[in-house]
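See below for the structure under consideration.
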Amino acid sequence: MMHKMGDAREARLVLASASPRRRELLRQIGVGFRVVVADIEEKPLPEESPRDFVLRMAREKAVEVMRRESGYVPVLGSDTAVILDSRILGKPENRLEAIEMLNSLSGKTHEVYSAVVVAVSEAEIHEALSISRVTFSELEPAWIESYIDTGDPMDKAGAYGVQGKAAEKISRIEGSFYGVMGLPLYETAQLLRRAQVLF
């Protein structure tokens, strides 16, 4: 039986993320949790593949918080990266970078890697990776400027959020919509069942 309250009152899980989207998605599948934000450096290593990067980030978030919490309950870490031509597009640091990212995605198909890790103990760590393909129509300069004015791109990998205004320019998604949003729910539920958080 799933827990209906997705908040700290029935916390069977710690979410190692400050993302409001991940909180919303966990509540959607009825998981009770509390938030403890991970304190790690989120930068790819030299020659690190996008796959290895997102899995390492998710794992480091979960393990760092698990060690701080002394293994109180399982910890979920997640990381999402936008990949264009084998290049990782992180969160834009300023308006100019957001414009450059959106221009680079315009009229093209890119990939979104979304990793989930549930750390139960040092010896029991479950992980999964979702890979989706997202296609943008042409993004006109005036549209890009107006979208950046909303503030939505500035805290998101690749400078866009699938659930916001950018949706009107996404012509196709192959894979997990929720993975593109930041937490692939199918894979997450599978890992939570393995960790006996969901039944």
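Scheme for the structure tokens: letters A, B, ... for chains in order shown; per-chain residue numbers from 1; ligand numbers from 1 in order shown.
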
Set out as a tab-separated table a contact list for segment 27-115 of chain A and segment 170-180 of chain A with a cut-off of 10 Å, giving each residue of segment 27-115 of chain A that qualifies its closest atom pair and distance in Å to one decimal, counting only C-alpha atoms, ordered by chain and rising residue number.
```
residue	atom	partner	partner_atom	distance
A:Asp79	CA	A:Gly179	CA	9.7
A:Thr80	CA	A:Val180	CA	7.6
A:Ala81	CA	A:Val180	CA	8.8
A:Val82	CA	A:Val180	CA	8.7
A:Ser106	CA	A:Ile170	CA	9.8
A:Gly107	CA	A:Ile170	CA	9.5
A:Thr109	CA	A:Arg172	CA	8.7
A:His110	CA	A:Ile173	CA	9.9
A:Glu111	CA	A:Val180	CA	9.0
A:Val112	CA	A:Val180	CA	6.0
A:Tyr113	CA	A:Gly179	CA	7.5
A:Ser114	CA	A:Gly179	CA	5.5
A:Ala115	CA	A:Gly179	CA	8.4
```

Show which residues sit within 8 Å of segment 55-72 of chain A, as an MDAnalysis selection string. Count only C-alpha atoms, and ignore same-chain residues fewer than 5 positions away. chainID A and resid 16:17 36:40 42 77:79 115:122 127:129

Go ahead and write the selection's residues with C-alpha atoms as a PDB file, in the first residue's frame.
```pdb
ATOM      1  CA  ALA A  16      18.432  14.773  -1.575  1.00  0.00           C
ATOM      2  CA  SER A  17      17.307  17.610  -3.840  1.00  0.00           C
ATOM      3  CA  VAL A  36      17.743  17.298   2.874  1.00  0.00           C
ATOM      4  CA  VAL A  37      19.727  19.097   0.178  1.00  0.00           C
ATOM      5  CA  ALA A  38      22.992  17.441  -0.843  1.00  0.00           C
ATOM      6  CA  ASP A  39      26.209  19.425  -0.632  1.00  0.00           C
ATOM      7  CA  ILE A  40      28.343  18.251  -3.561  1.00  0.00           C
ATOM      8  CA  GLU A  42      28.184  19.268  -9.673  1.00  0.00           C
ATOM      9  CA  GLY A  77      19.327  11.250  -5.266  1.00  0.00           C
ATOM     10  CA  SER A  78      18.618  12.291  -8.828  1.00  0.00           C
ATOM     11  CA  ASP A  79      20.340  14.212 -11.583  1.00  0.00           C
ATOM     12  CA  ALA A 115      19.514   9.247 -13.245  1.00  0.00           C
ATOM     13  CA  VAL A 116      17.900   8.030 -10.027  1.00  0.00           C
ATOM     14  CA  VAL A 117      19.718   6.451  -7.082  1.00  0.00           C
ATOM     15  CA  VAL A 118      18.172   5.113  -3.872  1.00  0.00           C
ATOM     16  CA  ALA A 119      20.763   4.571  -1.149  1.00  0.00           C
ATOM     17  CA  VAL A 120      19.599   2.284   1.662  1.00  0.00           C
ATOM     18  CA  SER A 121      23.063   1.702   3.120  1.00  0.00           C
ATOM     19  CA  GLU A 122      26.687   1.784   1.963  1.00  0.00           C
ATOM     20  CA  GLU A 127      20.288   2.990  -9.488  1.00  0.00           C
ATOM     21  CA  ALA A 128      18.563   3.509 -12.835  1.00  0.00           C
ATOM     22  CA  LEU A 129      19.030   5.718 -15.876  1.00  0.00           C
TER      23      LEU A 129
END
```

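Shortest separation to Phe33 of chain A among A:Met101, A:Phe53, A:Gly182, A:Val75 occurs at residue A:Val75, atoms counted being only C-alpha atoms.
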
Going by DSSP on the backbone, which residues of segment 40-137 of chain A come out as alpha helix (DSSP H)? List them as a ChimeraX atom specification. /A:50-69,95-105

Residues within 10 Å of Arg95 of chain A, please, as a PyMOL selection string. Count only C-alpha atoms; anything in the same chain fewer than 3 positions from it doesn't count. chain A and resi 92+98-101+145+148-149+151+153-154+159

With C-alpha atoms kept, could you save the residues just selected as a PDB file, in the first residue's frame?
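Dumped everything to part16.pdb:
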```pdb
ATOM      1  CA  PRO A  92      22.854  28.662 -17.520  1.00  0.00           C
ATOM      2  CA  ALA A  98      20.680  30.843 -21.671  1.00  0.00           C
ATOM      3  CA  ILE A  99      20.314  32.488 -25.101  1.00  0.00           C
ATOM      4  CA  GLU A 100      23.266  30.466 -26.454  1.00  0.00           C
ATOM      5  CA  MET A 101      21.834  27.198 -25.121  1.00  0.00           C
ATOM      6  CA  GLU A 145      14.043  36.625 -25.252  1.00  0.00           C
ATOM      7  CA  ILE A 148      14.074  34.081 -20.670  1.00  0.00           C
ATOM      8  CA  ASP A 149      12.101  37.064 -19.337  1.00  0.00           C
ATOM      9  CA  GLY A 151      12.881  33.434 -15.453  1.00  0.00           C
ATOM     10  CA  PRO A 153      15.248  28.821 -17.945  1.00  0.00           C
ATOM     11  CA  MET A 154      17.672  30.033 -15.304  1.00  0.00           C
ATOM     12  CA  ALA A 159      17.839  26.409 -20.099  1.00  0.00           C
TER      13      ALA A 159
END
```

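The residue that comes closest to Gly30 of chain A, out of A:Ser130, A:Ser86, A:Glu168, A:Leu185 and on the basis of only C-alpha atoms, is A:Leu185.
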
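Distances from A:Leu76, A:Leu191, A:Arg21, A:Ser49 to Gly164 of chain A were compared using only C-alpha atoms, and the smallest one belongs to A:Arg21.
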